[in-house]
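Notes to accompany the following structure.
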Amino acid sequence: MSDAGDPAGDLRIAVTGAGGRMGREVIEAAADREAVAVAVAVNRTEIDPVAGVAVNDADDLDELLASEAPDVLVDFTGPDSAVAYAEACADAGVPLVTGTTGFSDAQVDSLRAASDAVPVLKASNFARGVAALRRAVREAAAALPGYDVELTETHHNAKRDAPSGTAKSILDDVEDARDDLDERVHGREGDAPRSPGEVGVHARRAGDVTGEHEVLLAGNRETLELTHRAGDRGVFAEGALDAAAWLADRDPGWYGFGDVLDAGEK
Ligand SMILES: NC(=O)C1=CN([C@@H]2O[C@H](COP(=O)(O)OP(=O)(O)OC[C@H]3O[C@@H](n4cnc5c(N)ncnc54)[C@H](OP(=O)(O)O)[C@@H]3O)[C@@H](O)[C@H]2O)C=CC1
Ligand SMILES: O=C(O)C1=N[C@H](C(=O)O)C[C@H](O)C1
């Protein structure tokens with residue numbers, strides 16, 4: 001399907017949401033990468049080829065997974081479709097990498113159910129810098145007991161879910177590191193004094209900002225700010241392809257991007 005060809009030995013990926021911001025980025029990153037070929041690309045609505053790759057109707061995904069047998073499917077779509085695609089992967093025996101965010105707890109349970117049949121890797125952020133930010137935040141939160149913590153994320157004006165998936169992952173990290181913090185307060189208005197157990201969460205949507213996450217830790221006479229800024233979506237696409245290459249040969253189970261980084265593999 002890809003003009004780049006499909007030589008034996010290549011990692012053959014399927015891409016859902018091929019017409020989306022991230023789907024396009026993944027296809028373009030695959031075209032730039034040796035030994036990765038796009039075997040299947042689908043989109044919900046009809047679109048022109050992306051980077052020379054023909055894009056099929058997402059309704060035909062089951063058939064395409066059966067006929068093309070890709071090594072792994074890379075999904076950046078929306079929560080409902082990601083769950084449906086996970087079920088398709090489980091039926092077809094195709095490992096799944098999903099970077100989609102905004103899932104409900106029940107939807108995460110559905111993804112986990114698929115991981116009984118195939119390897120499933122879910123990550124709210126495929127930037128290596130965000131993985132480092134999360135480690136730094138865990139360490140700082142544990143090292144600064146009693147300090148107030150506030151998280152601010154900024155994204156482009158077309159982002160649907162708020163707060164971002166990355167913000168929620170960071171908040172989980174903070175709460176793991178600090179037992180005394182257990183109340184997420186989303187913005188403040190009116191008479192809203194801060195209580196000790198809260199973590200403030202602020203979601204900004206503006207222009208074409210790719211994605212920024214800032215964690216502020218403040219005591220009475222000092223502040224610490226830890227910030228990650230994504231320069232472009234290529235950083236996420238590269239991480240997702242690294243994850244796809246790592247996941248293709250794994251046993252069924254539930255994985256995160258940290259597993260890829262811990263293994264030290266590209
Ligand atoms: N983990 C990470 O590192 C990153 C995660 N993301 C996440 O990836 C997801 C996609 O982001 P982005 O590419 O910016 O979004 P876009 O809106 O640009 O693209 C979404 C794509 O998914 C498709 N889609 C959406 N809903 C459905 C549905 N119900 N059924 C079938 N197809 C659907 C759209 O199809 P159509 O063209 O028909 O609308 C489109 O192709 C978001 O959840 C975002 O938060 C984003 C960046 C990095
Ligand atoms: O929708 C986006 O754009 C992004 N979504 C992810 C998230 O929700 O955390 C990751 C990144 O920040 C970009």
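Letters A, B, ... go to the chains of the structure tokens in the order shown; residues in each chain start at 1; ligands are counted from 1 in the same order.
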Backbone DSSP call of alpha helix (DSSP H) for range 121-241 of chain A, listed as a compact mmCIF listing (two decimals) with N, CA and C atoms, in the first residue's frame:
```
# COMPACT_ATOMS: atom_id res chain seq x y z
N ARG A 128 9.76 11.37 24.97
CA ARG A 128 10.70 10.91 26.00
C ARG A 128 10.89 11.96 27.09
N GLY A 129 10.78 13.23 26.71
CA GLY A 129 10.93 14.29 27.70
C GLY A 129 9.82 14.27 28.74
N VAL A 130 8.63 13.84 28.33
CA VAL A 130 7.53 13.75 29.30
C VAL A 130 7.77 12.58 30.25
N ALA A 131 8.35 11.49 29.75
CA ALA A 131 8.70 10.39 30.66
C ALA A 131 9.70 10.88 31.71
N ALA A 132 10.66 11.71 31.28
CA ALA A 132 11.64 12.27 32.22
C ALA A 132 10.96 13.26 33.18
N LEU A 133 10.04 14.06 32.64
CA LEU A 133 9.29 15.00 33.50
C LEU A 133 8.55 14.24 34.59
N ARG A 134 7.92 13.13 34.22
CA ARG A 134 7.14 12.37 35.20
C ARG A 134 8.05 11.82 36.31
N ARG A 135 9.22 11.36 35.93
CA ARG A 135 10.16 10.87 36.96
C ARG A 135 10.56 12.02 37.89
N ALA A 136 10.85 13.18 37.28
CA ALA A 136 11.29 14.34 38.07
C ALA A 136 10.17 14.82 39.00
N VAL A 137 8.94 14.79 38.51
CA VAL A 137 7.81 15.24 39.34
C VAL A 137 7.61 14.30 40.52
N ARG A 138 7.70 12.99 40.26
CA ARG A 138 7.55 12.02 41.36
C ARG A 138 8.60 12.29 42.44
N GLU A 139 9.84 12.51 41.99
CA GLU A 139 10.93 12.73 42.94
C GLU A 139 10.73 14.04 43.70
N ALA A 140 10.38 15.09 42.98
CA ALA A 140 10.22 16.41 43.62
C ALA A 140 9.05 16.40 44.60
N ALA A 141 7.94 15.76 44.20
CA ALA A 141 6.76 15.73 45.09
C ALA A 141 7.09 15.00 46.38
N ALA A 142 7.84 13.90 46.27
CA ALA A 142 8.20 13.13 47.46
C ALA A 142 9.20 13.90 48.33
N ALA A 143 10.07 14.68 47.68
CA ALA A 143 11.13 15.37 48.41
C ALA A 143 10.65 16.66 49.07
N GLY A 165 -4.62 13.88 28.75
CA GLY A 165 -4.27 12.57 29.28
C GLY A 165 -2.95 12.62 30.04
N THR A 166 -2.01 13.39 29.53
CA THR A 166 -0.71 13.53 30.20
C THR A 166 -0.89 14.16 31.58
N ALA A 167 -1.74 15.20 31.64
CA ALA A 167 -1.98 15.86 32.93
C ALA A 167 -2.53 14.85 33.94
N LYS A 168 -3.45 14.00 33.49
CA LYS A 168 -4.03 13.01 34.42
C LYS A 168 -2.96 12.02 34.88
N SER A 169 -2.07 11.63 33.96
CA SER A 169 -0.98 10.71 34.35
C SER A 169 -0.08 11.38 35.39
N ILE A 170 0.24 12.66 35.18
CA ILE A 170 1.10 13.37 36.13
C ILE A 170 0.40 13.51 37.48
N LEU A 171 -0.90 13.77 37.44
CA LEU A 171 -1.65 13.89 38.71
C LEU A 171 -1.63 12.55 39.46
N ASP A 172 -1.75 11.44 38.73
CA ASP A 172 -1.64 10.12 39.38
C ASP A 172 -0.27 9.99 40.04
N ASP A 173 0.77 10.45 39.34
CA ASP A 173 2.14 10.36 39.88
C ASP A 173 2.25 11.17 41.17
N VAL A 174 1.71 12.40 41.14
CA VAL A 174 1.79 13.27 42.32
C VAL A 174 1.07 12.63 43.51
N GLU A 175 -0.12 12.08 43.23
CA GLU A 175 -0.90 11.48 44.33
C GLU A 175 -0.24 10.20 44.85
N ASP A 176 0.47 9.47 43.97
CA ASP A 176 1.22 8.30 44.45
C ASP A 176 2.36 8.73 45.37
N ALA A 177 2.99 9.87 45.03
CA ALA A 177 4.15 10.32 45.80
C ALA A 177 3.75 11.03 47.09
N GLY A 234 5.92 15.38 15.68
CA GLY A 234 6.85 14.32 15.28
C GLY A 234 7.43 13.60 16.49
N VAL A 235 7.59 14.33 17.59
CA VAL A 235 8.17 13.71 18.79
C VAL A 235 7.24 12.60 19.31
N PHE A 236 5.93 12.82 19.23
CA PHE A 236 4.98 11.79 19.66
C PHE A 236 4.98 10.61 18.67
N ALA A 237 5.02 10.92 17.38
CA ALA A 237 4.98 9.87 16.36
C ALA A 237 6.21 8.97 16.45
N GLU A 238 7.37 9.58 16.67
CA GLU A 238 8.60 8.79 16.79
C GLU A 238 8.50 7.84 17.99
N GLY A 239 8.00 8.37 19.11
CA GLY A 239 7.86 7.53 20.29
C GLY A 239 6.87 6.40 20.06
N ALA A 240 5.79 6.70 19.35
CA ALA A 240 4.78 5.66 19.08
C ALA A 240 5.37 4.57 18.18
N LEU A 241 6.19 4.95 17.21
CA LEU A 241 6.83 3.94 16.35
C LEU A 241 7.84 3.11 17.14
```
>> Could you list, as a ChimeraX atom specification, all protein and nucleic acid residues with an atom at most 9 Å from ligand 1, counting only C-alpha atoms and all ligand atoms?
In response: /A:16-25,42-47,58-59,75-82,84,98-103,122-127,156,158-161,164-166,210-211,233,235-237,239-240
>> When you look at Asp148 in chain A with a cut-off of 7 Å (counting only C-alpha atoms), what residues show up, excluding the ones that are within fewer than 2 positions of it in the same chain? I need them as a VMD selection string.
In response: chain A and resid 146 150 217 to 219
Could those residues be written to a file, using C-alpha atoms, as a compact mmCIF listing (two decimals), in the first residue's frame?
```
# COMPACT_ATOMS: atom_id res chain seq x y z
CA GLY A 146 3.71 19.90 52.50
CA GLU A 150 -0.48 23.02 40.82
CA LEU A 217 5.61 23.04 43.62
CA ALA A 218 5.59 25.86 46.15
CA GLY A 219 6.60 26.19 49.80
```
What residues in range 84-225 of chain A get the DSSP label strand (DSSP E or B)? Please answer as a PDB file with N, CA and C atoms, in the first residue's frame.
```pdb
ATOM      1  N   LEU A  96      -1.646  -3.859  19.770  1.00  0.00           N
ATOM      2  CA  LEU A  96      -2.170  -2.487  19.665  1.00  0.00           C
ATOM      3  C   LEU A  96      -1.336  -1.505  20.473  1.00  0.00           C
ATOM      4  N   VAL A  97      -0.929  -0.411  19.811  1.00  0.00           N
ATOM      5  CA  VAL A  97      -0.367   0.762  20.494  1.00  0.00           C
ATOM      6  C   VAL A  97      -1.411   1.859  20.399  1.00  0.00           C
ATOM      7  N   THR A  98      -1.891   2.353  21.536  1.00  0.00           N
ATOM      8  CA  THR A  98      -2.822   3.484  21.457  1.00  0.00           C
ATOM      9  C   THR A  98      -2.326   4.671  22.264  1.00  0.00           C
ATOM     10  N   PRO A 119      -0.971  -8.128  22.974  1.00  0.00           N
ATOM     11  CA  PRO A 119      -0.291  -7.060  23.710  1.00  0.00           C
ATOM     12  C   PRO A 119      -0.945  -5.708  23.416  1.00  0.00           C
ATOM     13  N   VAL A 120      -1.224  -4.946  24.473  1.00  0.00           N
ATOM     14  CA  VAL A 120      -1.804  -3.604  24.321  1.00  0.00           C
ATOM     15  C   VAL A 120      -0.907  -2.622  25.067  1.00  0.00           C
ATOM     16  N   LEU A 121      -0.443  -1.594  24.377  1.00  0.00           N
ATOM     17  CA  LEU A 121       0.374  -0.552  25.007  1.00  0.00           C
ATOM     18  C   LEU A 121      -0.388   0.765  24.913  1.00  0.00           C
ATOM     19  N   LYS A 122      -0.735   1.300  26.070  1.00  0.00           N
ATOM     20  CA  LYS A 122      -1.458   2.579  26.126  1.00  0.00           C
ATOM     21  C   LYS A 122      -0.549   3.612  26.787  1.00  0.00           C
ATOM     22  N   ASP A 148       2.632  23.005  48.178  1.00  0.00           N
ATOM     23  CA  ASP A 148       1.462  23.035  47.298  1.00  0.00           C
ATOM     24  C   ASP A 148       1.878  22.607  45.895  1.00  0.00           C
ATOM     25  N   VAL A 149       0.967  21.897  45.216  1.00  0.00           N
ATOM     26  CA  VAL A 149       1.246  21.461  43.846  1.00  0.00           C
ATOM     27  C   VAL A 149       0.115  21.946  42.940  1.00  0.00           C
ATOM     28  N   GLU A 150       0.487  22.566  41.830  1.00  0.00           N
ATOM     29  CA  GLU A 150      -0.475  23.021  40.821  1.00  0.00           C
ATOM     30  C   GLU A 150       0.023  22.586  39.451  1.00  0.00           C
ATOM     31  N   LEU A 151      -0.890  22.077  38.632  1.00  0.00           N
ATOM     32  CA  LEU A 151      -0.514  21.632  37.292  1.00  0.00           C
ATOM     33  C   LEU A 151      -1.239  22.476  36.242  1.00  0.00           C
ATOM     34  N   THR A 152      -0.489  22.941  35.260  1.00  0.00           N
ATOM     35  CA  THR A 152      -1.093  23.699  34.150  1.00  0.00           C
ATOM     36  C   THR A 152      -0.706  23.038  32.837  1.00  0.00           C
ATOM     37  N   GLU A 153      -1.701  22.751  31.994  1.00  0.00           N
ATOM     38  CA  GLU A 153      -1.395  22.228  30.650  1.00  0.00           C
ATOM     39  C   GLU A 153      -1.989  23.147  29.606  1.00  0.00           C
ATOM     40  N   THR A 154      -1.277  23.268  28.481  1.00  0.00           N
ATOM     41  CA  THR A 154      -1.719  24.134  27.386  1.00  0.00           C
ATOM     42  C   THR A 154      -1.688  23.349  26.083  1.00  0.00           C
ATOM     43  N   HIS A 155      -2.784  23.396  25.350  1.00  0.00           N
ATOM     44  CA  HIS A 155      -2.869  22.703  24.050  1.00  0.00           C
ATOM     45  C   HIS A 155      -3.603  23.561  23.029  1.00  0.00           C
ATOM     46  N   GLU A 183      -7.289  15.729  46.372  1.00  0.00           N
ATOM     47  CA  GLU A 183      -8.436  16.440  45.788  1.00  0.00           C
ATOM     48  C   GLU A 183      -7.981  17.263  44.583  1.00  0.00           C
ATOM     49  N   ARG A 184      -8.474  16.918  43.399  1.00  0.00           N
ATOM     50  CA  ARG A 184      -8.127  17.683  42.190  1.00  0.00           C
ATOM     51  C   ARG A 184      -9.124  18.831  42.034  1.00  0.00           C
ATOM     52  N   VAL A 185      -8.618  20.056  42.052  1.00  0.00           N
ATOM     53  CA  VAL A 185      -9.488  21.225  41.912  1.00  0.00           C
ATOM     54  C   VAL A 185      -9.244  21.829  40.531  1.00  0.00           C
ATOM     55  N   HIS A 186     -10.276  21.810  39.709  1.00  0.00           N
ATOM     56  CA  HIS A 186     -10.135  22.241  38.317  1.00  0.00           C
ATOM     57  C   HIS A 186     -10.500  23.716  38.190  1.00  0.00           C
ATOM     58  N   GLU A 198      -5.442  19.758  48.312  1.00  0.00           N
ATOM     59  CA  GLU A 198      -5.804  19.892  46.898  1.00  0.00           C
ATOM     60  C   GLU A 198      -4.607  20.063  45.967  1.00  0.00           C
ATOM     61  N   VAL A 199      -4.832  19.619  44.730  1.00  0.00           N
ATOM     62  CA  VAL A 199      -3.902  19.886  43.630  1.00  0.00           C
ATOM     63  C   VAL A 199      -4.698  20.677  42.599  1.00  0.00           C
ATOM     64  N   GLY A 200      -4.259  21.872  42.295  1.00  0.00           N
ATOM     65  CA  GLY A 200      -4.954  22.679  41.295  1.00  0.00           C
ATOM     66  C   GLY A 200      -4.624  22.197  39.894  1.00  0.00           C
ATOM     67  N   VAL A 201      -5.641  22.185  39.027  1.00  0.00           N
ATOM     68  CA  VAL A 201      -5.463  21.704  37.653  1.00  0.00           C
ATOM     69  C   VAL A 201      -6.021  22.755  36.704  1.00  0.00           C
ATOM     70  N   HIS A 202      -5.201  23.186  35.754  1.00  0.00           N
ATOM     71  CA  HIS A 202      -5.590  24.279  34.867  1.00  0.00           C
ATOM     72  C   HIS A 202      -5.349  23.868  33.418  1.00  0.00           C
ATOM     73  N   ALA A 203      -6.400  23.867  32.616  1.00  0.00           N
ATOM     74  CA  ALA A 203      -6.294  23.460  31.207  1.00  0.00           C
ATOM     75  C   ALA A 203      -6.523  24.682  30.325  1.00  0.00           C
ATOM     76  N   ARG A 204      -5.485  25.053  29.560  1.00  0.00           N
ATOM     77  CA  ARG A 204      -5.601  26.192  28.643  1.00  0.00           C
ATOM     78  C   ARG A 204      -5.689  25.664  27.220  1.00  0.00           C
ATOM     79  N   ARG A 205      -6.517  26.292  26.391  1.00  0.00           N
ATOM     80  CA  ARG A 205      -6.656  25.912  24.977  1.00  0.00           C
ATOM     81  C   ARG A 205      -6.469  27.168  24.138  1.00  0.00           C
ATOM     82  N   GLU A 212       1.950  21.489  26.214  1.00  0.00           N
ATOM     83  CA  GLU A 212       2.855  21.929  27.280  1.00  0.00           C
ATOM     84  C   GLU A 212       2.287  21.484  28.618  1.00  0.00           C
ATOM     85  N   HIS A 213       3.174  21.022  29.483  1.00  0.00           N
ATOM     86  CA  HIS A 213       2.764  20.619  30.837  1.00  0.00           C
ATOM     87  C   HIS A 213       3.731  21.216  31.844  1.00  0.00           C
ATOM     88  N   GLU A 214       3.167  21.936  32.822  1.00  0.00           N
ATOM     89  CA  GLU A 214       4.004  22.576  33.843  1.00  0.00           C
ATOM     90  C   GLU A 214       3.503  22.185  35.230  1.00  0.00           C
ATOM     91  N   VAL A 215       4.424  21.740  36.063  1.00  0.00           N
ATOM     92  CA  VAL A 215       4.078  21.421  37.446  1.00  0.00           C
ATOM     93  C   VAL A 215       4.792  22.415  38.346  1.00  0.00           C
ATOM     94  N   LEU A 216       4.013  23.095  39.190  1.00  0.00           N
ATOM     95  CA  LEU A 216       4.544  24.076  40.143  1.00  0.00           C
ATOM     96  C   LEU A 216       4.458  23.483  41.539  1.00  0.00           C
ATOM     97  N   LEU A 217       5.593  23.461  42.221  1.00  0.00           N
ATOM     98  CA  LEU A 217       5.615  23.044  43.623  1.00  0.00           C
ATOM     99  C   LEU A 217       6.052  24.256  44.423  1.00  0.00           C
ATOM    100  N   ALA A 218       5.275  24.622  45.432  1.00  0.00           N
ATOM    101  CA  ALA A 218       5.589  25.857  46.154  1.00  0.00           C
ATOM    102  C   ALA A 218       5.512  25.669  47.654  1.00  0.00           C
ATOM    103  N   THR A 223       9.823  28.302  45.139  1.00  0.00           N
ATOM    104  CA  THR A 223       8.991  27.597  44.160  1.00  0.00           C
ATOM    105  C   THR A 223       9.893  26.782  43.240  1.00  0.00           C
ATOM    106  N   LEU A 224       9.360  25.664  42.791  1.00  0.00           N
ATOM    107  CA  LEU A 224      10.046  24.835  41.795  1.00  0.00           C
ATOM    108  C   LEU A 224       9.073  24.601  40.651  1.00  0.00           C
ATOM    109  N   GLU A 225       9.514  24.888  39.420  1.00  0.00           N
ATOM    110  CA  GLU A 225       8.661  24.667  38.249  1.00  0.00           C
ATOM    111  C   GLU A 225       9.331  23.662  37.334  1.00  0.00           C
TER     112      GLU A 225
END
```
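Each of A:Asp10, A:Asp57, A:Asp105, A:Asp249 was checked against Ala35 in chain A using only C-alpha atoms; the smallest atom-to-atom distance is that of A:Asp10.
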> How many Å separate atom 9 (O, counted along the ligand's line) of ligand 2 from CA of Gly258 in chain A?
Replying inline: 15.3 Å
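The residue that comes closest to Leu64 in chain A, out of A:Ala114, A:Ala29, A:Ile13, A:Ala51 and on the basis of only C-alpha atoms, is A:Ile13.
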> Skipping near chain neighbours, those fewer than 3 positions away, what residues fall within 12 Å of Val38 in chain A using only C-alpha atoms, listed as a PyMOL selection string?
Replying inline: chain A and resi 1-7+10-16+18+23-24+26-35+41-42+49-55+68-74+241+244
With N, CA and C atoms retained, could you export that selection as a short mmCIF file (atom, residue, chain, number, x, y, z; two decimals), in the first residue's frame?
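What follows is the written file selection.cif:
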```cif
data_model
loop_
_atom_site.label_atom_id
_atom_site.label_comp_id
_atom_site.auth_asym_id
_atom_site.auth_seq_id
_atom_site.Cartn_x
_atom_site.Cartn_y
_atom_site.Cartn_z
N MET A 1 0.81 -1.20 0.00
CA MET A 1 0.00 0.00 0.00
C MET A 1 0.86 1.27 0.00
N SER A 2 1.98 1.23 0.77
CA SER A 2 2.86 2.39 0.78
C SER A 2 3.70 2.41 -0.48
N ASP A 3 3.92 3.61 -1.03
CA ASP A 3 4.82 3.74 -2.18
C ASP A 3 6.24 3.35 -1.81
N ALA A 4 6.53 3.44 -0.49
CA ALA A 4 7.87 3.10 -0.04
C ALA A 4 8.14 1.61 -0.14
N GLY A 5 7.10 0.83 -0.52
CA GLY A 5 7.29 -0.61 -0.65
C GLY A 5 7.11 -1.31 0.68
N ASP A 6 7.29 -2.62 0.66
CA ASP A 6 6.98 -3.40 1.84
C ASP A 6 7.94 -4.57 1.95
N PRO A 7 9.25 -4.30 1.99
CA PRO A 7 10.22 -5.38 1.92
C PRO A 7 10.09 -6.34 3.10
N ASP A 10 10.51 -5.80 7.25
CA ASP A 10 10.02 -4.53 7.77
C ASP A 10 8.98 -4.76 8.85
N LEU A 11 8.90 -3.82 9.79
CA LEU A 11 7.77 -3.77 10.70
C LEU A 11 6.58 -3.25 9.91
N ARG A 12 5.53 -4.04 9.82
CA ARG A 12 4.36 -3.65 9.02
C ARG A 12 3.27 -3.14 9.97
N ILE A 13 2.99 -1.86 9.90
CA ILE A 13 2.03 -1.28 10.85
C ILE A 13 0.70 -0.97 10.17
N ALA A 14 -0.36 -0.98 10.99
CA ALA A 14 -1.66 -0.43 10.58
C ALA A 14 -1.83 0.89 11.33
N VAL A 15 -2.45 1.85 10.68
CA VAL A 15 -2.68 3.17 11.29
C VAL A 15 -4.16 3.50 11.21
N THR A 16 -4.77 3.77 12.36
CA THR A 16 -6.15 4.25 12.38
C THR A 16 -6.13 5.77 12.54
N ALA A 18 -6.05 7.88 10.18
CA ALA A 18 -4.95 8.26 9.28
C ALA A 18 -5.04 9.71 8.81
N GLY A 23 -2.40 10.79 13.18
CA GLY A 23 -2.35 9.71 12.19
C GLY A 23 -1.44 10.08 11.02
N ARG A 24 -1.58 11.31 10.53
CA ARG A 24 -0.72 11.80 9.43
C ARG A 24 0.74 11.80 9.87
N VAL A 26 2.18 9.96 12.11
CA VAL A 26 2.71 8.60 12.23
C VAL A 26 3.05 8.05 10.84
N ILE A 27 2.19 8.29 9.86
CA ILE A 27 2.45 7.79 8.50
C ILE A 27 3.70 8.47 7.94
N GLU A 28 3.82 9.77 8.17
CA GLU A 28 5.01 10.48 7.67
C GLU A 28 6.28 10.01 8.37
N ALA A 29 6.19 9.77 9.68
CA ALA A 29 7.37 9.29 10.41
C ALA A 29 7.75 7.89 9.94
N ALA A 30 6.75 7.07 9.63
CA ALA A 30 7.03 5.71 9.14
C ALA A 30 7.73 5.76 7.79
N ALA A 31 7.29 6.71 6.95
CA ALA A 31 7.91 6.84 5.62
C ALA A 31 9.38 7.24 5.73
N ASP A 32 9.70 8.00 6.77
CA ASP A 32 11.08 8.47 6.97
C ASP A 32 11.96 7.44 7.65
N ARG A 33 11.34 6.38 8.14
CA ARG A 33 12.09 5.43 8.95
C ARG A 33 12.36 4.16 8.15
N GLU A 34 13.61 3.73 8.17
CA GLU A 34 13.93 2.47 7.50
C GLU A 34 13.26 1.34 8.25
N ALA A 35 12.88 0.31 7.51
CA ALA A 35 12.36 -0.92 8.10
C ALA A 35 11.00 -0.76 8.78
N ALA A 41 -3.91 1.58 6.34
CA ALA A 41 -4.27 2.89 6.90
C ALA A 41 -5.77 3.08 6.72
N VAL A 42 -6.45 3.48 7.78
CA VAL A 42 -7.89 3.70 7.68
C VAL A 42 -8.28 5.03 8.31
N PRO A 49 -4.82 10.00 -0.28
CA PRO A 49 -3.65 9.32 0.30
C PRO A 49 -2.84 10.27 1.18
N VAL A 50 -2.20 9.69 2.18
CA VAL A 50 -1.33 10.45 3.09
C VAL A 50 0.10 9.97 2.86
N ALA A 51 0.98 10.86 2.48
CA ALA A 51 2.39 10.53 2.20
C ALA A 51 2.47 9.31 1.27
N GLY A 52 1.60 9.28 0.29
CA GLY A 52 1.64 8.20 -0.70
C GLY A 52 0.95 6.92 -0.26
N VAL A 53 0.37 6.92 0.91
CA VAL A 53 -0.30 5.72 1.44
C VAL A 53 -1.81 5.87 1.21
N ALA A 54 -2.41 4.90 0.53
CA ALA A 54 -3.86 4.92 0.31
C ALA A 54 -4.57 4.69 1.64
N VAL A 55 -5.64 5.44 1.87
CA VAL A 55 -6.36 5.34 3.14
C VAL A 55 -7.75 4.73 2.88
N GLU A 68 -4.27 -8.39 5.59
CA GLU A 68 -2.90 -7.84 5.56
C GLU A 68 -2.04 -8.31 6.73
N ALA A 69 -2.68 -8.77 7.81
CA ALA A 69 -1.97 -9.26 9.00
C ALA A 69 -0.79 -8.35 9.39
N PRO A 70 -1.07 -7.08 9.71
CA PRO A 70 0.03 -6.19 10.14
C PRO A 70 0.63 -6.68 11.46
N ASP A 71 1.86 -6.23 11.74
CA ASP A 71 2.55 -6.64 12.97
C ASP A 71 2.00 -5.92 14.20
N VAL A 72 1.47 -4.73 13.99
CA VAL A 72 0.98 -3.92 15.11
C VAL A 72 0.10 -2.80 14.55
N LEU A 73 -0.90 -2.40 15.32
CA LEU A 73 -1.76 -1.28 14.92
C LEU A 73 -1.45 -0.08 15.81
N VAL A 74 -1.30 1.09 15.20
CA VAL A 74 -1.03 2.33 15.94
C VAL A 74 -2.26 3.22 15.84
N LEU A 241 6.19 4.95 17.21
CA LEU A 241 6.83 3.94 16.35
C LEU A 241 7.84 3.11 17.14
N ALA A 244 5.77 0.70 18.91
CA ALA A 244 5.24 -0.33 18.01
C ALA A 244 6.30 -1.39 17.73
#
```
> Just how far from CA of Ala92 in chain A is CA of Leu111 in chain A, in Å to one decimal?
Replying inline: 14.8 Å
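Considering only C-alpha atoms and all ligand atoms, the residue among A:Asp48, A:Asp232, A:Glu87, A:Glu189 positioned nearest to ligand 2 is A:Asp232.
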